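Asker: Contents of input26.txt (compact mmCIF, C-alpha atoms) are given next:
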```txt
# COMPACT_ATOMS: atom_id res chain seq x y z
CA MET D 1 123.13 65.34 83.74
CA ARG D 2 123.89 64.48 87.33
CA PHE D 3 126.63 66.27 89.19
CA ARG D 4 128.23 65.08 92.40
CA PHE D 5 128.72 68.58 93.75
CA CYS D 6 124.96 69.19 93.38
CA GLY D 7 124.24 66.05 95.38
CA ASP D 8 123.77 63.79 92.34
CA LEU D 9 121.07 66.05 90.95
CA ASP D 10 120.91 68.34 87.93
CA CYS D 11 122.85 71.55 88.15
CA PRO D 12 120.41 74.48 88.74
CA ASP D 13 119.87 76.70 85.69
CA TRP D 14 120.98 79.86 87.43
CA VAL D 15 124.34 78.29 88.29
CA LEU D 16 124.90 77.48 84.62
CA ALA D 17 124.01 81.04 83.67
CA GLU D 18 126.28 82.65 86.23
CA ILE D 19 129.26 80.45 85.40
CA SER D 20 129.42 82.34 82.15
CA THR D 21 129.47 85.61 84.14
CA LEU D 22 132.47 84.31 86.05
CA THR D 23 134.43 83.77 82.85
CA ARG D 24 134.41 87.54 82.31
CA ILE D 25 136.99 88.15 85.04
CA SER D 26 140.58 86.90 84.88
CA SER D 27 141.48 83.68 86.66
CA VAL D 28 143.79 85.46 89.11
CA LYS D 29 140.98 87.82 90.15
CA MET D 30 138.63 84.88 90.45
CA LYS D 31 140.94 83.09 92.85
CA LEU D 32 141.01 86.23 95.04
CA LEU D 33 137.21 86.43 94.82
CA CYS D 34 137.02 82.79 95.98
CA VAL D 35 139.14 83.66 99.00
CA GLN D 36 136.68 86.44 99.92
CA VAL D 37 133.65 84.19 99.42
CA ILE D 38 135.22 81.49 101.62
CA ARG D 39 135.81 84.11 104.32
CA ASP D 40 132.10 84.93 104.15
CA LEU D 41 131.12 81.25 104.39
CA LEU D 42 133.33 80.87 107.46
CA ASP D 43 131.62 83.89 109.07
CA GLU D 44 134.73 86.05 108.94
CA ASP D 45 134.10 89.54 107.59
CA ILE D 46 133.91 89.77 103.85
CA ASP D 47 135.58 92.86 102.43
CA TYR D 48 133.01 94.17 99.93
CA ASP D 49 135.35 96.95 98.76
CA LYS D 50 137.91 94.37 97.70
CA VAL D 51 135.22 92.42 95.87
CA ALA D 52 134.10 95.57 94.07
CA LYS D 53 137.71 96.39 93.10
CA LEU D 54 138.30 92.86 91.77
CA THR D 55 135.26 93.00 89.55
CA SER D 56 135.56 96.61 88.42
CA ASP D 57 137.90 95.77 85.50
CA ALA D 58 135.32 93.53 83.93
CA LYS D 59 132.73 96.28 84.48
CA PHE D 60 130.42 94.20 86.65
CA ASP D 61 127.32 96.06 87.81
CA SER D 62 125.91 95.38 91.28
CA GLY D 63 123.66 92.58 89.96
CA ASP D 64 126.65 90.80 88.42
CA ILE D 65 128.71 91.14 91.61
CA LYS D 66 125.90 89.65 93.70
CA ALA D 67 125.41 86.86 91.16
CA SER D 68 129.08 85.88 91.06
CA VAL D 69 129.34 85.86 94.88
CA ALA D 70 126.16 83.75 95.02
CA VAL D 71 127.34 81.20 92.47
CA LEU D 72 130.77 80.80 94.11
CA SER D 73 129.06 80.49 97.50
CA PHE D 74 126.79 77.78 96.14
CA ILE D 75 129.55 75.80 94.43
CA LEU D 76 131.88 75.87 97.45
CA SER D 77 129.29 75.13 100.13
CA SER D 78 127.57 72.45 98.03
CA ALA D 79 130.87 70.72 97.29
CA ALA D 80 131.77 70.75 100.99
CA LYS D 81 128.28 69.51 101.91
CA HIS D 82 128.55 66.46 99.63
CA ASP D 83 132.23 65.88 100.45
CA VAL D 84 133.41 66.12 96.85
CA ASP D 85 137.17 65.82 96.32
CA SER D 86 138.80 68.62 94.39
CA GLU D 87 139.60 66.46 91.30
CA SER D 88 135.94 65.56 90.72
CA LEU D 89 134.89 69.16 91.39
CA SER D 90 137.43 70.36 88.85
CA SER D 91 136.24 67.97 86.11
CA GLU D 92 132.56 68.72 86.79
CA LEU D 93 133.10 72.50 86.65
CA GLN D 94 135.00 72.18 83.39
CA GLN D 95 132.11 70.13 81.99
CA LEU D 96 129.82 73.05 82.89
CA GLY D 97 131.98 75.42 80.91
CA LEU D 98 134.25 77.04 83.49
CA PRO D 99 137.70 77.52 81.85
CA LYS D 100 140.63 75.45 83.09
CA GLU D 101 142.59 78.26 84.83
CA HIS D 102 139.47 79.47 86.68
CA THR D 103 138.64 75.92 87.74
CA MET D 104 142.17 75.32 89.00
CA GLY D 105 142.06 78.54 91.07
CA LEU D 106 138.68 77.62 92.58
CA CYS D 107 139.71 74.05 93.39
CA LYS D 108 142.95 75.17 95.00
CA SER D 109 141.02 77.50 97.37
CA TYR D 110 138.48 74.72 98.00
CA GLU D 111 141.19 72.21 98.86
CA ASP D 112 142.90 74.62 101.26
CA LYS D 113 139.77 75.38 103.23
CA HIS D 114 137.85 72.14 102.69
CA THR D 115 138.14 70.91 106.28
CA ALA D 116 137.39 74.32 107.77
CA LEU D 117 134.24 74.63 105.62
CA GLN D 118 133.00 71.22 106.68
CA GLU D 119 133.65 72.06 110.34
CA LYS D 120 131.62 75.26 109.98
CA LEU D 121 128.76 73.44 108.26
CA LYS D 122 128.75 70.80 110.98
CA GLU D 123 128.56 73.50 113.63
CA SER D 124 125.60 75.22 111.99
CA SER D 125 123.63 71.97 111.57
CA LEU D 126 120.25 71.81 113.23
CA ARG D 127 120.45 71.37 116.97
CA LEU D 128 117.48 71.86 119.25
CA GLY D 129 117.74 73.37 122.70
CA ARG D 130 121.51 73.77 123.06
CA LEU D 131 122.76 73.76 126.63
CA GLU D 132 124.50 77.08 127.06
CA ALA D 133 125.65 77.16 130.67
CA VAL D 134 125.59 75.10 133.85
CA ASN D 135 126.02 76.66 137.27
CA TRP D 136 125.93 74.73 140.52
CA ARG D 137 126.17 75.28 144.24
CA VAL D 138 126.25 72.90 147.20
CA ASP D 139 124.33 74.00 150.31
CA TYR D 140 124.06 72.37 153.72
CA THR D 141 120.60 72.57 155.28
CA LEU D 142 120.90 72.98 159.06
CA SER D 143 117.26 73.15 160.07
CA SER D 144 113.80 73.94 158.71
CA SER D 145 110.30 74.86 159.84
CA GLU D 146 109.34 71.14 159.70
CA LEU D 147 112.34 69.61 161.52
CA SER D 148 114.74 71.38 163.84
CA GLU D 149 117.87 69.32 162.93
CA VAL D 150 118.08 68.50 159.19
CA ASN D 151 121.87 68.44 158.52
CA GLU D 152 121.75 67.47 154.85
CA PRO D 153 123.69 68.61 151.82
CA ILE D 154 121.74 69.73 148.73
CA VAL D 155 122.84 70.72 145.22
CA GLN D 156 121.32 73.67 143.33
CA LEU D 157 121.72 73.40 139.56
CA LYS D 158 121.06 76.28 137.17
CA LEU D 159 120.79 75.16 133.52
CA GLN D 160 120.64 77.74 130.72
CA SER D 161 119.37 76.27 127.48
CA GLN D 162 118.05 77.53 124.17
CA ASP D 163 114.32 77.22 123.56
CA PRO D 164 113.91 74.88 120.52
CA GLU D 165 111.30 76.99 118.75
CA SER D 166 112.04 80.60 119.57
CA GLY D 167 115.80 80.47 120.08
CA SER D 168 115.72 82.57 123.25
CA THR D 169 117.50 81.46 126.45
CA ASP D 170 115.51 79.50 129.03
CA THR D 171 116.75 79.18 132.60
CA THR D 172 115.86 76.13 134.68
CA VAL D 173 116.76 75.91 138.36
CA VAL D 174 116.53 72.58 140.18
CA SER D 175 117.57 71.51 143.64
CA VAL D 176 118.65 67.89 144.04
CA THR D 177 119.13 65.91 147.26
CA ALA D 178 122.32 63.85 147.73
CA ASP D 179 120.75 60.46 146.87
CA LYS D 180 118.89 61.67 143.79
CA PHE D 181 122.02 63.44 142.66
CA ARG D 182 124.05 60.22 142.98
CA VAL D 183 121.54 58.45 140.72
CA LEU D 184 121.65 61.31 138.21
CA LEU D 185 125.44 61.24 138.17
CA THR D 186 125.63 57.46 137.62
CA GLU D 187 123.17 57.55 134.73
CA LEU D 188 124.95 60.46 133.09
CA LYS D 189 128.30 58.69 133.47
CA GLN D 190 126.83 55.64 131.71
CA ALA D 191 125.64 57.85 128.86
CA GLN D 192 129.09 59.46 128.67
CA ALA D 193 130.77 56.03 128.47
CA MET D 194 128.47 55.13 125.58
CA MET D 195 129.28 58.38 123.76
CA ASN D 196 133.02 57.80 124.21
CA ALA D 197 132.67 54.25 122.86
CA LEU D 198 131.08 55.65 119.71
CA GLN D 199 133.67 58.28 119.00
CA MET P 1 81.12 99.12 85.58
CA LEU P 2 80.33 102.56 86.90
CA LEU P 3 81.45 103.87 90.23
CA VAL P 4 78.54 105.13 92.32
CA LEU P 5 79.60 108.03 94.53
CA SER P 6 77.67 108.80 97.71
CA ASP P 7 76.27 112.30 98.23
CA GLU P 8 78.72 113.00 101.02
CA HIS P 9 81.60 111.97 98.77
CA LYS P 10 80.31 114.23 95.97
CA GLU P 11 80.11 117.10 98.44
CA HIS P 12 83.70 116.58 99.56
CA LEU P 13 84.94 116.42 96.02
CA GLY P 14 82.89 119.49 95.15
CA PHE P 15 85.56 121.57 96.88
CA LEU P 16 87.99 120.66 94.10
CA SER P 17 86.04 122.56 91.48
CA GLU P 18 86.46 125.76 93.48
CA VAL P 19 90.25 125.79 93.24
CA ASP P 20 92.79 126.02 90.44
CA PRO P 21 93.46 122.88 88.39
CA VAL P 22 97.13 123.25 89.37
CA VAL P 23 96.11 122.98 93.03
CA VAL P 24 94.00 119.90 92.19
CA GLY P 25 97.07 118.37 90.58
CA GLU P 26 98.99 119.08 93.77
CA PHE P 27 96.20 117.52 95.86
CA GLY P 28 96.31 114.48 93.61
CA ARG P 29 100.03 114.10 94.21
CA ILE P 30 99.51 114.47 97.97
CA ALA P 31 96.69 111.89 97.89
CA VAL P 32 98.94 109.31 96.17
CA GLU P 33 101.78 110.05 98.65
CA PHE P 34 99.39 109.51 101.55
CA LEU P 35 98.18 106.24 100.04
CA LYS P 36 101.76 105.03 99.77
CA LYS P 37 103.16 106.28 103.05
CA GLY P 38 100.31 107.26 105.38
CA SER P 39 98.70 110.64 105.96
CA ASN P 40 100.20 113.70 107.60
CA SER P 41 97.71 116.28 108.90
CA LYS P 42 100.28 119.09 108.93
CA ILE P 43 100.12 119.20 105.13
CA TYR P 44 96.39 119.91 105.31
CA GLU P 45 97.01 122.89 107.58
CA GLY P 46 99.77 124.30 105.37
CA ALA P 47 97.66 124.00 102.22
CA ALA P 48 94.58 125.50 103.94
CA ARG P 49 96.58 128.51 105.07
CA LYS P 50 97.96 129.11 101.55
CA LEU P 51 94.55 128.85 99.89
CA ASN P 52 92.77 130.71 102.68
CA VAL P 53 90.12 128.02 103.18
CA PRO P 54 89.17 125.96 106.26
CA THR P 55 91.47 122.98 106.95
CA GLN P 56 88.52 120.63 106.89
CA SER P 57 87.69 121.39 103.24
CA VAL P 58 91.25 120.58 102.22
CA GLN P 59 91.16 117.39 104.27
CA TYR P 60 87.83 116.31 102.78
CA GLY P 61 89.04 117.12 99.29
CA VAL P 62 92.24 115.08 99.60
CA GLU P 63 90.51 112.19 101.37
CA GLY P 64 87.76 112.24 98.75
CA LEU P 65 90.43 111.94 96.06
CA MET P 66 92.11 109.08 97.96
CA TYR P 67 88.83 107.18 98.22
CA LEU P 68 88.05 107.80 94.55
CA LEU P 69 91.46 106.41 93.56
CA THR P 70 91.30 103.33 95.82
CA GLU P 71 87.78 102.40 94.74
CA SER P 72 88.67 102.81 91.06
CA SER P 73 91.86 100.72 91.33
CA LYS P 74 90.14 98.11 93.49
CA LEU P 75 87.44 97.53 90.84
CA MET P 76 89.93 98.04 88.00
CA ILE P 77 87.43 100.17 86.08
CA SER P 78 88.19 101.11 82.50
CA GLU P 79 89.01 104.64 81.28
CA VAL P 80 85.54 105.14 79.84
CA ASP P 81 83.83 104.03 83.03
CA PHE P 82 86.06 106.28 85.13
CA GLN P 83 85.27 109.28 82.95
CA ASP P 84 81.54 108.55 83.12
CA SER P 85 81.67 108.16 86.89
CA VAL P 86 83.51 111.46 87.30
CA LEU P 87 81.11 113.25 84.90
CA VAL P 88 78.48 113.05 87.64
CA LEU P 89 80.51 115.52 89.69
CA GLY P 90 80.09 118.23 87.05
CA PHE P 91 83.75 119.18 86.84
CA SER P 92 85.40 121.07 83.98
CA GLU P 93 86.98 119.17 81.07
CA GLU P 94 90.46 120.00 82.31
CA LEU P 95 89.74 118.63 85.78
CA ASN P 96 88.27 115.45 84.34
CA THR P 97 91.36 114.84 82.21
CA LEU P 98 93.58 115.53 85.21
CA LEU P 99 91.72 113.03 87.37
CA LEU P 100 91.85 110.43 84.60
CA GLN P 101 95.62 110.95 84.26
CA LEU P 102 96.04 110.56 88.01
CA TYR P 103 94.07 107.31 87.98
CA LEU P 104 95.86 105.76 85.01
CA GLU P 105 99.35 106.63 86.22
CA ASN P 106 98.93 105.24 89.72
CA ARG P 107 96.58 102.36 89.11
CA VAL P 108 99.19 99.59 88.98
CA GLU P 109 101.06 100.71 92.07
CA LEU P 110 97.86 101.19 94.08
CA ARG P 111 96.69 97.69 93.16
CA HIS P 112 100.04 96.35 94.27
CA ILE P 113 99.67 98.05 97.68
CA GLN P 114 96.07 96.85 97.98
CA SER P 115 97.05 93.26 97.19
CA GLU P 116 99.34 93.22 100.21
CA LEU P 117 96.60 94.35 102.60
CA GLY P 118 94.60 91.11 102.44
CA PRO P 119 94.72 88.48 105.25
CA SER P 120 97.80 86.28 105.10
CA LEU P 121 98.75 82.85 106.39
CA PRO P 122 102.21 82.08 107.67
CA CYS P 123 104.32 81.13 104.69
CA TYR P 124 107.42 79.05 104.19
CA HIS P 125 110.75 80.67 104.90
CA ASN P 126 113.30 77.89 105.51
CA LEU P 127 113.50 74.20 106.44
CA GLU P 128 116.38 72.72 108.45
CA TRP P 129 116.55 68.97 109.01
CA ARG P 130 118.71 66.34 110.60
CA PHE P 131 118.76 62.57 110.55
CA ASP P 132 119.51 60.81 113.87
CA VAL P 133 119.63 57.26 115.13
CA GLN P 134 118.72 56.61 118.77
CA LEU P 135 121.09 53.97 120.14
CA ALA P 136 120.18 53.80 123.79
CA SER P 137 118.06 55.41 126.48
CA ARG P 138 118.11 55.24 130.25
CA THR P 139 115.60 52.40 130.21
CA LEU P 140 116.73 50.43 127.13
CA ARG P 141 120.16 49.87 125.62
CA GLN P 142 121.07 48.38 122.23
CA GLN P 143 118.37 50.11 120.19
CA VAL P 144 118.35 51.24 116.59
CA LYS P 145 115.66 53.86 116.07
CA PRO P 146 116.06 56.27 113.15
CA THR P 147 114.29 59.65 113.32
CA VAL P 148 114.19 62.77 111.20
CA THR P 149 113.87 66.13 112.97
CA PHE P 150 112.72 69.27 111.16
CA LYS P 151 112.77 72.90 112.10
CA LEU P 152 110.26 74.67 109.84
CA HIS P 153 110.82 78.43 109.71
CA LEU P 154 107.69 80.43 108.88
CA GLU P 155 107.06 84.10 108.17
CA ARG P 156 103.84 86.07 108.54
CA GLY P 157 103.73 89.81 108.04
CA GLY P 158 107.44 90.20 108.73
CA VAL P 159 107.37 88.14 111.94
CA ARG P 160 109.39 84.93 111.93
CA SER P 161 108.41 81.85 113.89
CA ALA P 162 109.64 78.27 113.93
CA ARG P 163 108.06 74.85 114.48
CA VAL P 164 109.95 71.74 115.50
CA LEU P 165 108.63 68.47 114.03
CA GLN P 166 109.88 64.94 114.31
CA THR P 167 109.04 61.82 112.33
CA ASP P 168 110.25 58.29 111.60
CA PRO P 169 111.34 57.34 108.05
CA ALA P 170 108.10 55.47 107.21
CA THR P 171 105.92 58.50 107.95
CA LEU P 172 108.36 60.70 106.08
CA LEU P 173 108.05 58.55 102.97
CA HIS P 174 104.27 58.73 103.24
CA LEU P 175 104.48 62.53 103.58
CA ILE P 176 106.67 62.76 100.48
CA GLN P 177 104.22 60.57 98.54
CA GLU P 178 101.27 62.75 99.50
CA LEU P 179 103.08 65.96 98.59
CA GLU P 180 104.14 64.55 95.22
CA ARG P 181 100.55 63.53 94.59
CA ALA P 182 99.49 67.11 95.35
CA LEU P 183 102.03 68.44 92.84
CA ALA P 184 100.85 65.94 90.24
CA GLU P 185 97.28 67.27 90.61
CA VAL P 186 98.35 70.48 88.88
CA LYS P 187 99.02 68.45 85.74
CA SER P 188 95.60 66.76 85.76
CA ASN P 189 93.04 67.65 83.07
CA HIS P 190 90.66 69.24 85.51
CA CYS P 191 93.28 71.69 86.82
CA ARG P 192 94.57 72.41 83.33
CA ARG P 193 91.08 73.34 82.13
CA ILE P 194 90.60 75.80 85.01
CA LEU P 195 94.04 77.36 84.60
CA ARG P 196 93.41 77.85 80.89
CA ASN P 197 90.19 79.70 81.67
CA ILE P 198 91.79 81.98 84.25
CA LYS P 199 94.58 82.97 81.89
```
Using the file provided, produce a representation of the structure as structure tokens.
Answerer:
Amino acid sequence: MRFRFCGDLDCPDWVLAEISTLTRISSVKMKLLCVQVIRDLLDEDIDYDKVAKLTSDAKFDSGDIKASVAVLSFILSSAAKHDVDSESLSSELQQLGLPKEHTMGLCKSYEDKHTALQEKLKESSLRLGRLEAVNWRVDYTLSSSELSEVNEPIVQLKLQSQDPESGSTDTTVVSVTADKFRVLLTELKQAQAMMNALQ
Amino acid sequence: MLLVLSDEHKEHLGFLSEVDPVVVGEFGRIAVEFLKKGSNSKIYEGAARKLNVPTQSVQYGVEGLMYLLTESSKLMISEVDFQDSVLVLGFSEELNTLLLQLYLENRVELRHIQSELGPSLPCYHNLEWRFDVQLASRTLRQQVKPTVTFKLHLERGGVRSARVLQTDPATLLHLIQELERALAEVKSNHCRRILRNIK
């Protein structure tokens, strides 16, 4: 059976198993649990005490708590990843056996934070060698050991980027003469115009 | 198969017959602790003082026990073989039973520790990917060049590393085909016959 929220693939067995664990708590508590899980997905601090309190009535042990957080995490992030609208998500979850009130609670939370989730996922997508900082300085060379009157401006650029493989910060310092810098600027402006045309 | 103990080893273990079986039990416990967590020479000194014997005898006794246990678990020798191997040492019945108990109780855990000591290759941890289309470069505009970029996260002995790989869709399809062929090999008759014999 193919499900849109699983990317048109079969639903994993563990998700099916843990959906039945979710039915053990009330739908109101589940909606609050969804709010906590979404906070975790958005990298805000998840309040584990609140989660423990919500699940204590249904006598969840630590394995059950972890499982229910994992399954909600999977459903919400997978639905955001495949851009599933909340109606389809609701019908698919009910097909998998999640009761109507629970499904409605989950889909309401999903709808509220749908855009924010997708923004966060976009941000954490693979990017190699992010440029972290650019510092520059313009100097004027008066004279040198080779020529007594030089009188030329020169730009020093310090680029801080992330190494693609190790993730640590690399610093590159280059000095560019006025002519070379003009060429660099023109080319970059052309690239910028192309990027703006695409947006 | 029988364990053959060297003369030096027999000499070191000989010390155990001179002390109380209770003390031997204690030494056994210390030996297993050391195998799990690493040795601590202060314990040898403390024990030597209490028993009024040179520290070296205690050290040799415990290390002899450790070696006996690791060799026995490594070769996975049966109860009967262990008893026969230990008979050579000329210990009392009580001591022999104690040593056998020690071996049987800790065998599984020791084998688990020993299995992790072998050489290891970097293994898969995570795979991030992205799909891009190159539209233009400084030298050529109006292009359409699709590429897939991977960041393969590997782990080896607790140390994480990452490799960046890039490919075009045709090569990617070829890669997928080859990997699926490798998976299909497991289902071939030849592989099935071997797996049946190992089990």
Asker: Got a sec: who's within 6 Å of stretch 140-153 of chain P, counting only C-alpha atoms, leaving out chain neighbours fewer than 2 positions off, as a PyMOL selection string?
Answerer: chain P and resi 125-138+161-168
Asker: Which value, in Å to one decimal, gives the distance between atom CA of P:His9 and atom CA of P:Ser115?
Answerer: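 Atom CA of P:Ser115 lies 24.3 Å from atom CA of P:His9.
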Asker: Mind giving me the straight-line distance from atom CA of D:Gln162 to atom CA of D:Leu131 in Å, one decimal?
Answerer: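 Between atom CA of D:Gln162 and atom CA of D:Leu131 the gap is 6.5 Å.
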Asker: Atom CA of D:Gln160 and atom CA of D:Ala133 are how many Å apart?
Answerer: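 These two atoms are separated by 5.0 Å.
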Asker: Go through chain D and flag each residue having an atom no more than 9 Å from chain P; for those, report the closest pair of atoms plus their distance in Å to one decimal, using only C-alpha atoms, ordered by chain and rising number, as a tab-separated table.
Answerer:
```
residue	atom	partner	partner_atom	distance
D:Ser125	CA	P:Arg130	CA	7.5
D:Leu126	CA	P:Glu128	CA	6.2
D:Arg127	CA	P:Arg130	CA	8.3
D:Leu128	CA	P:Val164	CA	8.4
D:Pro164	CA	P:Val164	CA	7.1
D:Glu165	CA	P:Ala162	CA	5.3
D:Ser166	CA	P:Ala162	CA	6.6
D:Gly167	CA	P:Ala162	CA	9.0
D:Glu187	CA	P:Arg138	CA	7.1
D:Gln190	CA	P:Arg138	CA	8.9
D:Ala191	CA	P:Arg138	CA	8.1
D:Met194	CA	P:Ala136	CA	8.6
```
Asker: Taking all atoms listed in the file into account, which of D:His114, D:Arg182, D:Lys158, D:Arg137 comes nearest D:Leu42?
Answerer: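 Closest to D:Leu42 of all the choices is D:His114.
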Asker: Set the distance at 12 Å and use only C-alpha atoms: which residues neighbour P:Leu99 once local chain neighbours fewer than 2 positions away are removed? I'd like the list as a PyMOL selection string.
Answerer: chain P and resi 13+16-17+21-22+24-29+31-32+65-66+68-69+72+79+82-87+89+91-97+101-107
Asker: Can you pull out every residue within 12 Å of D:Met1, counting all atoms listed in the file, but drop anything in the same chain fewer than 5 positions away, and send it as a ChimeraX atom specification?
Answerer: /D:6-13,92,95-96
Asker: Could you pull out every residue with an atom within 7 Å of (128.1, 75.4, 87.7), file coordinates, counting all atoms listed in the file, and send them as a PyMOL selection string?
Answerer: chain D and resi 11+15-16+19+75+93+96
Asker: Can you tell me which residues surround D:Ala58 at a distance of at most 10 Å, considering all atoms listed in the file, apart from same-chain residues fewer than 5 positions away, and format the answer as number ranges by chain?
Answerer: D: 21-26, 53
Asker: Give me the residues within 10 Å of D:Leu159 as a list in words, counting all atoms listed in the file and dropping any in the same chain fewer than 6 places off.
Answerer: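 Surrounding residues, per the criterion: Leu131, Glu132, Ala133, Val134, Asn135, Trp136, Asp170, Thr171, Thr172, Val173 and Val174 of chain D.
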Asker: For stretch 40-51 of chain D, I'd like the enclosing box, axis-aligned and padded by 3 Å on every side, reported as AutoDock Vina command-line options with centre and edge lengths in Å to one decimal.
Answerer:
```
--center_x 134.5 --center_y 88.9 --center_z 102.5 --size_x 12.8 --size_y 22.1 --size_z 19.2
```
Asker: Missing atoms in stretch 125-146 of chain P should be modelled up to N, CA and C atoms and reported as an mmCIF file, in the frame of the given file.
Answerer:
```
data_model
loop_
_atom_site.group_PDB
_atom_site.id
_atom_site.type_symbol
_atom_site.label_atom_id
_atom_site.label_comp_id
_atom_site.auth_asym_id
_atom_site.auth_seq_id
_atom_site.Cartn_x
_atom_site.Cartn_y
_atom_site.Cartn_z
ATOM 1 N N HIS P 125 109.547 79.848 105.013
ATOM 2 C CA HIS P 125 110.750 80.670 104.900
ATOM 3 C C HIS P 125 111.983 79.784 104.728
ATOM 4 N N ASN P 126 112.111 78.743 105.585
ATOM 5 C CA ASN P 126 113.300 77.890 105.510
ATOM 6 C C ASN P 126 112.989 76.563 106.187
ATOM 7 N N LEU P 127 113.689 75.504 105.789
ATOM 8 C CA LEU P 127 113.500 74.200 106.440
ATOM 9 C C LEU P 127 114.866 73.623 106.764
ATOM 10 N N GLU P 128 115.126 73.399 108.073
ATOM 11 C CA GLU P 128 116.380 72.720 108.450
ATOM 12 C C GLU P 128 116.005 71.314 108.858
ATOM 13 N N TRP P 129 116.877 70.340 108.585
ATOM 14 C CA TRP P 129 116.550 68.970 109.010
ATOM 15 C C TRP P 129 117.787 68.274 109.479
ATOM 16 N N ARG P 130 117.587 67.201 110.264
ATOM 17 C CA ARG P 130 118.710 66.340 110.600
ATOM 18 C C ARG P 130 118.199 64.928 110.759
ATOM 19 N N PHE P 131 119.104 63.981 110.515
ATOM 20 C CA PHE P 131 118.760 62.570 110.550
ATOM 21 C C PHE P 131 119.550 61.946 111.686
ATOM 22 N N ASP P 132 118.844 61.379 112.699
ATOM 23 C CA ASP P 132 119.510 60.810 113.870
ATOM 24 C C ASP P 132 119.160 59.348 114.010
ATOM 25 N N VAL P 133 119.967 58.636 114.776
ATOM 26 C CA VAL P 133 119.630 57.260 115.130
ATOM 27 C C VAL P 133 119.740 57.156 116.647
ATOM 28 N N GLN P 134 118.659 56.752 117.309
ATOM 29 C CA GLN P 134 118.720 56.610 118.770
ATOM 30 C C GLN P 134 119.303 55.246 119.085
ATOM 31 N N LEU P 135 120.420 55.225 119.851
ATOM 32 C CA LEU P 135 121.090 53.970 120.140
ATOM 33 C C LEU P 135 120.730 53.402 121.492
ATOM 34 N N ALA P 136 120.486 54.296 122.449
ATOM 35 C CA ALA P 136 120.180 53.800 123.790
ATOM 36 C C ALA P 136 119.440 54.884 124.555
ATOM 37 N N SER P 137 118.689 54.448 125.586
ATOM 38 C CA SER P 137 118.060 55.410 126.480
ATOM 39 C C SER P 137 118.323 54.920 127.889
ATOM 40 N N ARG P 138 117.857 55.651 128.883
ATOM 41 C CA ARG P 138 118.110 55.240 130.250
ATOM 42 C C ARG P 138 117.498 53.873 130.526
ATOM 43 N N THR P 139 116.337 53.630 129.909
ATOM 44 C CA THR P 139 115.600 52.400 130.210
ATOM 45 C C THR P 139 115.922 51.243 129.280
ATOM 46 N N LEU P 140 116.478 51.520 128.076
ATOM 47 C CA LEU P 140 116.730 50.430 127.130
ATOM 48 C C LEU P 140 118.004 50.693 126.345
ATOM 49 N N ARG P 141 118.939 49.720 126.406
ATOM 50 C CA ARG P 141 120.160 49.870 125.620
ATOM 51 C C ARG P 141 120.011 49.062 124.336
ATOM 52 N N GLN P 142 121.034 49.161 123.476
ATOM 53 C CA GLN P 142 121.070 48.380 122.230
ATOM 54 C C GLN P 142 119.818 48.577 121.386
ATOM 55 N N GLN P 143 119.516 49.851 121.073
ATOM 56 C CA GLN P 143 118.370 50.110 120.190
ATOM 57 C C GLN P 143 118.896 50.605 118.853
ATOM 58 N N VAL P 144 118.028 50.538 117.836
ATOM 59 C CA VAL P 144 118.350 51.240 116.590
ATOM 60 C C VAL P 144 117.058 51.901 116.150
ATOM 61 N N LYS P 145 116.924 53.202 116.411
ATOM 62 C CA LYS P 145 115.660 53.860 116.070
ATOM 63 C C LYS P 145 115.955 55.123 115.268
ATOM 64 N N PRO P 146 115.763 55.063 113.944
ATOM 65 C CA PRO P 146 116.060 56.270 113.150
ATOM 66 C C PRO P 146 114.934 57.293 113.266
#
```
